[in-house]
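Text of the file target.csv, holding CSV, C-alpha atoms:
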```csv
chain,number,residue,atom,x,y,z
A,1,MET,CA,16.7,-15.6,-22.0
A,2,THR,CA,16.7,-12.0,-21.0
A,3,HIS,CA,14.3,-10.6,-18.4
A,4,ILE,CA,12.9,-8.2,-21.0
A,5,LEU,CA,12.4,-11.0,-23.5
A,6,ALA,CA,10.3,-12.9,-20.9
A,7,GLN,CA,8.2,-9.7,-20.2
A,8,TYR,CA,7.7,-9.1,-23.9
A,9,ARG,CA,6.8,-12.7,-24.6
A,10,THR,CA,4.3,-12.6,-21.7
A,11,ALA,CA,2.6,-9.6,-23.3
A,12,VAL,CA,2.8,-10.8,-26.9
A,13,ILE,CA,1.2,-14.1,-26.4
A,14,PRO,CA,-2.3,-12.9,-25.4
A,15,LEU,CA,-2.0,-9.9,-27.8
A,16,THR,CA,-1.2,-12.3,-30.7
A,17,ALA,CA,-4.3,-14.3,-29.7
A,18,VAL,CA,-6.4,-11.2,-30.2
A,19,VAL,CA,-4.7,-10.2,-33.4
A,20,THR,CA,-5.3,-13.6,-34.9
A,21,ALA,CA,-9.0,-13.6,-33.7
A,22,VAL,CA,-9.9,-10.3,-35.3
A,23,PRO,CA,-12.3,-11.0,-38.1
A,24,PRO,CA,-11.0,-9.6,-41.5
A,25,GLN,CA,-14.0,-7.2,-41.8
A,26,ASN,CA,-13.2,-5.7,-38.4
A,27,TRP,CA,-9.6,-4.5,-39.2
A,28,ASP,CA,-11.1,-1.2,-40.3
A,29,ALA,CA,-13.6,-0.9,-37.4
A,30,PRO,CA,-13.1,2.1,-35.1
A,31,SER,CA,-11.1,1.4,-32.0
A,32,PRO,CA,-11.3,3.2,-28.6
A,33,CYS,CA,-8.3,5.3,-29.8
A,34,GLU,CA,-10.0,8.3,-31.3
A,35,GLY,CA,-9.6,8.4,-35.1
A,36,TRP,CA,-7.8,5.0,-35.2
A,37,SER,CA,-9.1,1.7,-36.6
A,38,ALA,CA,-8.1,-1.7,-35.3
A,39,ARG,CA,-5.5,-1.8,-38.2
A,40,ASP,CA,-4.2,1.6,-37.1
A,41,VAL,CA,-3.7,0.4,-33.5
A,42,LEU,CA,-1.7,-2.6,-34.8
A,43,ALA,CA,0.3,-0.5,-37.2
A,44,HIS,CA,1.1,1.9,-34.2
A,45,LEU,CA,2.5,-1.0,-32.2
A,46,ILE,CA,4.6,-2.3,-35.0
A,47,GLN,CA,5.9,1.1,-36.2
A,48,THR,CA,6.8,2.4,-32.7
A,49,GLN,CA,8.6,-0.7,-31.6
A,50,ASN,CA,10.4,-1.0,-35.0
A,51,GLU,CA,11.4,2.6,-35.0
A,52,THR,CA,12.9,2.4,-31.5
A,53,LEU,CA,15.0,-0.7,-32.4
A,54,THR,CA,16.1,0.4,-35.9
A,55,THR,CA,17.1,3.9,-34.9
A,56,ASN,CA,19.3,2.3,-32.3
A,57,GLY,CA,21.2,0.0,-34.5
A,58,VAL,CA,19.0,-3.1,-34.7
A,59,VAL,CA,18.6,-4.5,-38.2
A,60,LEU,CA,15.0,-5.3,-38.6
A,61,GLY,CA,14.2,-3.7,-41.9
A,62,ASP,CA,11.2,-1.6,-42.6
A,63,ALA,CA,8.1,-2.1,-40.4
A,64,PRO,CA,5.8,-4.6,-42.1
A,65,ASP,CA,2.7,-3.1,-43.7
A,66,THR,CA,-0.6,-4.0,-42.0
A,67,ALA,CA,-2.7,-3.1,-45.1
A,68,PRO,CA,-2.5,-6.4,-47.0
A,69,ASP,CA,-2.1,-8.8,-44.0
A,70,PRO,CA,-2.3,-7.5,-40.5
A,71,VAL,CA,-1.8,-10.9,-38.9
A,72,GLY,CA,1.2,-11.7,-41.1
A,73,ALA,CA,2.7,-8.2,-40.4
A,74,TRP,CA,2.3,-8.8,-36.7
A,75,ALA,CA,4.0,-12.2,-36.9
A,76,GLN,CA,6.9,-10.9,-39.0
A,77,HIS,CA,7.4,-8.0,-36.6
A,78,THR,CA,7.2,-10.0,-33.4
A,79,ASP,CA,9.6,-12.6,-34.7
A,80,GLY,CA,12.2,-9.9,-35.3
A,81,VAL,CA,11.6,-8.2,-31.9
A,82,LEU,CA,11.8,-11.5,-30.0
A,83,ARG,CA,15.2,-12.3,-31.7
A,84,ALA,CA,16.4,-8.8,-30.9
A,85,LEU,CA,15.4,-8.9,-27.2
A,86,ALA,CA,17.1,-12.3,-26.7
A,87,ASP,CA,20.4,-10.4,-27.1
A,88,ALA,CA,21.5,-9.3,-23.6
A,89,ASP,CA,24.0,-6.8,-25.0
A,90,LEU,CA,21.3,-5.2,-27.1
A,91,VAL,CA,18.9,-5.1,-24.1
A,92,ASP,CA,21.5,-3.2,-22.1
A,93,ARG,CA,22.3,-0.8,-24.9
A,94,PRO,CA,21.9,2.8,-23.7
A,95,ILE,CA,19.7,5.0,-25.8
A,96,ASP,CA,18.3,8.5,-25.8
A,97,TRP,CA,14.5,8.1,-26.0
A,98,PHE,CA,11.4,10.2,-25.9
A,99,PHE,CA,11.4,10.3,-22.1
A,100,GLY,CA,15.2,10.7,-21.7
A,101,PRO,CA,18.3,8.5,-21.4
A,102,THR,CA,17.5,4.8,-20.8
A,103,THR,CA,18.2,1.4,-22.3
A,104,ILE,CA,16.5,-0.6,-25.1
A,105,GLY,CA,15.5,-3.1,-22.5
A,106,ALA,CA,14.0,-0.6,-20.1
A,107,THR,CA,12.1,1.1,-22.9
A,108,PHE,CA,10.5,-2.2,-23.9
A,109,GLY,CA,10.0,-3.3,-20.3
A,110,GLN,CA,8.5,0.0,-19.0
A,111,PHE,CA,6.7,1.2,-22.1
A,112,TYR,CA,6.2,-1.2,-25.0
A,113,VAL,CA,5.0,-4.1,-22.8
A,114,TRP,CA,2.5,-1.7,-21.2
A,115,ASP,CA,1.5,-0.4,-24.6
A,116,MET,CA,0.8,-3.9,-25.8
A,117,TYR,CA,-1.5,-4.7,-22.8
A,118,VAL,CA,-3.5,-1.5,-23.3
A,119,HIS,CA,-3.8,-1.8,-27.1
A,120,ARG,CA,-4.8,-5.5,-26.8
A,121,TRP,CA,-7.9,-4.2,-25.1
A,122,ASP,CA,-8.4,-1.6,-27.8
A,123,LEU,CA,-8.1,-4.2,-30.6
A,124,ALA,CA,-10.5,-6.5,-28.8
A,125,ARG,CA,-13.0,-3.8,-28.4
A,126,ALA,CA,-12.8,-2.8,-32.1
A,127,ALA,CA,-13.3,-6.4,-33.1
A,128,GLY,CA,-16.1,-7.2,-30.6
A,129,LEU,CA,-13.9,-9.6,-28.8
A,130,ASP,CA,-13.3,-10.2,-25.1
A,131,ALA,CA,-9.8,-9.8,-23.8
A,132,PRO,CA,-9.9,-9.6,-20.0
A,133,PHE,CA,-6.9,-8.6,-18.0
A,134,SER,CA,-5.2,-10.7,-15.3
A,135,ASP,CA,-4.4,-9.1,-12.0
A,136,ALA,CA,-0.7,-9.1,-13.0
A,137,GLU,CA,-1.6,-7.3,-16.3
A,138,LEU,CA,-3.6,-4.7,-14.4
A,139,ASP,CA,-0.6,-4.2,-12.0
A,140,ASN,CA,1.6,-3.6,-15.1
A,141,ILE,CA,-0.8,-1.1,-16.6
A,142,GLN,CA,-1.1,0.8,-13.3
A,143,GLU,CA,2.6,0.8,-12.8
A,144,GLY,CA,3.2,1.9,-16.3
A,145,ALA,CA,0.7,4.8,-15.9
A,146,ASP,CA,2.5,5.8,-12.7
A,147,LEU,CA,5.8,5.8,-14.4
A,148,LEU,CA,4.5,8.0,-17.2
A,149,GLY,CA,3.1,10.5,-14.7
A,150,LYS,CA,1.8,13.6,-16.4
A,151,ALA,CA,3.0,12.3,-19.8
A,152,LEU,CA,0.2,9.8,-19.7
A,153,HIS,CA,-2.2,12.4,-20.8
A,154,MET,CA,0.0,14.3,-23.2
A,155,ASP,CA,-1.3,14.8,-26.8
A,156,GLY,CA,-0.9,11.5,-28.6
A,157,MET,CA,-1.0,9.4,-25.4
A,158,CYS,CA,-4.2,8.7,-23.4
A,159,ARG,CA,-7.3,10.9,-23.2
A,160,PRO,CA,-8.0,12.6,-19.9
A,161,PRO,CA,-9.1,10.2,-17.2
A,162,ILE,CA,-12.8,9.4,-16.8
A,163,VAL,CA,-14.4,9.1,-13.4
A,164,PRO,CA,-16.5,6.0,-13.6
A,165,ALA,CA,-19.7,5.9,-11.4
A,166,SER,CA,-18.6,2.4,-10.2
A,167,GLY,CA,-16.9,-0.6,-11.5
A,168,ASP,CA,-14.4,-3.4,-11.1
A,169,ARG,CA,-10.7,-3.0,-11.1
A,170,THR,CA,-10.5,-3.2,-14.9
A,171,THR,CA,-13.1,-0.4,-15.2
A,172,GLN,CA,-11.1,1.8,-12.8
A,173,VAL,CA,-7.7,1.1,-14.5
A,174,LEU,CA,-9.1,1.8,-18.0
A,175,ALA,CA,-10.9,4.9,-16.8
A,176,ARG,CA,-7.5,6.3,-15.7
A,177,LEU,CA,-6.4,5.9,-19.3
A,178,GLY,CA,-9.5,7.7,-20.7
A,179,ARG,CA,-11.2,4.5,-21.7
A,180,THR,CA,-14.7,3.2,-20.9
A,181,ALA,CA,-14.9,-0.5,-20.1
```
Before we go any further, please render this structure as structure tokens.
Amino acid sequence: MTHILAQYRTAVIPLTAVVTAVPPQNWDAPSPCEGWSARDVLAHLIQTQNETLTTNGVVLGDAPDTAPDPVGAWAQHTDGVLRALADADLVDRPIDWFFGPTTIGATFGQFYVWDMYVHRWDLARAAGLDAPFSDAELDNIQEGADLLGKALHMDGMCRPPIVPASGDRTTQVLARLGRTA
């Protein structure tokens, strides 16, 4: 098992628990991501991961459509990604990505795992579910935000940070991402 596969699996398990718990009527509920429904958040996760893999030679096919069956689309997508990330040669494959030269594994480890933790919270909020973060997950989110630097608040990423009046660590971390816990 590759290190990246282990990281991805660690993030995908609790995210999948939220995905499967979203009531059908809540898939079109607004998420904390401005202008996005819960379904849009899930489609974003699927499409961006799929695009990174398929444009770099991984045969996954088209990203599954979340419209008819979000849970099924997520299961189909993650099955393909898990198979791909089990391949050490693939994980080490160099790519030119949005933030510059890297590898497929580094892209998943440094960005997509982070994205899955953050959007797990967004999905849970849209669905009225609780999805607390562990200390290790909060560490990952903070480290990911540090790695993104100024890009964290570029258009299409996170809203400007919020200065919360007070709050626990989760409140503080989410505020940095422009989210209100």
### Query
With all atoms listed in the file as the basis for distance, which of A:Ser166, A:Lys150, A:Met116, A:Ala181 is at the shortest distance from Ala11 in chain A?
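Closest residue, counting all atoms listed in the file: A:Met116.
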### Query
Excluding same-chain residues fewer than 2 positions from Trp121 in chain A, what lies within 10 Å of it counting all atoms listed in the file, as a VMD selection string?
chain A and resid 15 18 31 to 32 116 to 119 123 to 127 129 to 133 174 179 181
### Query
Mind pulling up the distance from CA of Ser134 in chain A to CA of Thr52 in chain A?
27.6 Å
### Task
May I ask which of the residues A:Gly167, A:Gly100, A:Gly105, A:Pro68 is the closest one to Leu85 in chain A, counting all atoms listed in the file?
A:Gly105
### Query
Contacts of Glu51 in chain A at 12 Å or less, counting only C-alpha atoms, minus same-chain residues fewer than 5 places along, as a PyMOL selection string?
chain A and resi 43-46+56-64+77+81+97-98+104+112
Using all atoms listed in the file, which protein or nucleic acid residues come within 12 Å of Gln25 in chain A? Drop anything in the same chain fewer than 4 positions from it, and give the result as a PDB file with C-alpha atoms, keeping the file's coordinate frame.
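Okay, this is what ended up in out.pdb:
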```pdb
ATOM      1  CA  ALA A  21      -9.000 -13.600 -33.700  1.00  0.00           C
ATOM      2  CA  ALA A  29     -13.600  -0.900 -37.400  1.00  0.00           C
ATOM      3  CA  PRO A  30     -13.100   2.100 -35.100  1.00  0.00           C
ATOM      4  CA  SER A  37      -9.100   1.700 -36.600  1.00  0.00           C
ATOM      5  CA  ALA A  38      -8.100  -1.700 -35.300  1.00  0.00           C
ATOM      6  CA  ARG A  39      -5.500  -1.800 -38.200  1.00  0.00           C
ATOM      7  CA  PRO A  70      -2.300  -7.500 -40.500  1.00  0.00           C
ATOM      8  CA  ALA A 126     -12.800  -2.800 -32.100  1.00  0.00           C
ATOM      9  CA  ALA A 127     -13.300  -6.400 -33.100  1.00  0.00           C
ATOM     10  CA  GLY A 128     -16.100  -7.200 -30.600  1.00  0.00           C
TER      11      GLY A 128
END
```
As a tab-separated table (two decimals) with C-alpha atoms, keeping the file's coordinate frame, please: the residues near Arg176 in chain A (cut-off 8 Å, all atoms listed in the file, same-chain neighbours under 5 positions excluded).
```
chain	number	residue	atom	x	y	z
A	160	PRO	CA	-8.00	12.60	-19.90
A	161	PRO	CA	-9.10	10.20	-17.20
A	162	ILE	CA	-12.80	9.40	-16.80
A	163	VAL	CA	-14.40	9.10	-13.40
```
#### Entry: Shell of 8 Å around Ala86 in chain A, all atoms listed in the file, local chain residues under 3 positions omitted, as a PyMOL selection string
chain A and resi 1-2+5+82-83+91
#### Entry: Separation of CA of Gln47 in chain A from CA of Trp74 in chain A in Å
10.5 Å
### Message
Using all atoms listed in the file, can you tell me which of A:Thr170, A:Thr16, A:Thr55, A:Thr107 comes closest to Ala136 in chain A?
### Response
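Closest to Ala136 in chain A of all the choices is A:Thr170.
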### Query
Could you state the separation of CA of Phe108 in chain A and CA of Leu177 in chain A in Å, given to one decimal place?
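The value is 19.3 Å.
Proximity of A:Asp135, A:Ala6, A:Pro94, A:Asn50 to Gly80 in chain A, computed with all atoms listed in the file, is greatest for A:Asn50.
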### Task
Go through A:Asp92, A:Asn26, A:His3, A:Glu34 one by one, measure the shortest atom-to-atom distance of each to Asp155 in chain A using all atoms listed in the file, and give the residue with the smallest value.
A:Glu34
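Distances here use all atoms listed in the file; by that measure, the residue among A:Cys33, A:Val113, A:Ile141, A:Val173 closest to Thr48 in chain A is A:Val113.
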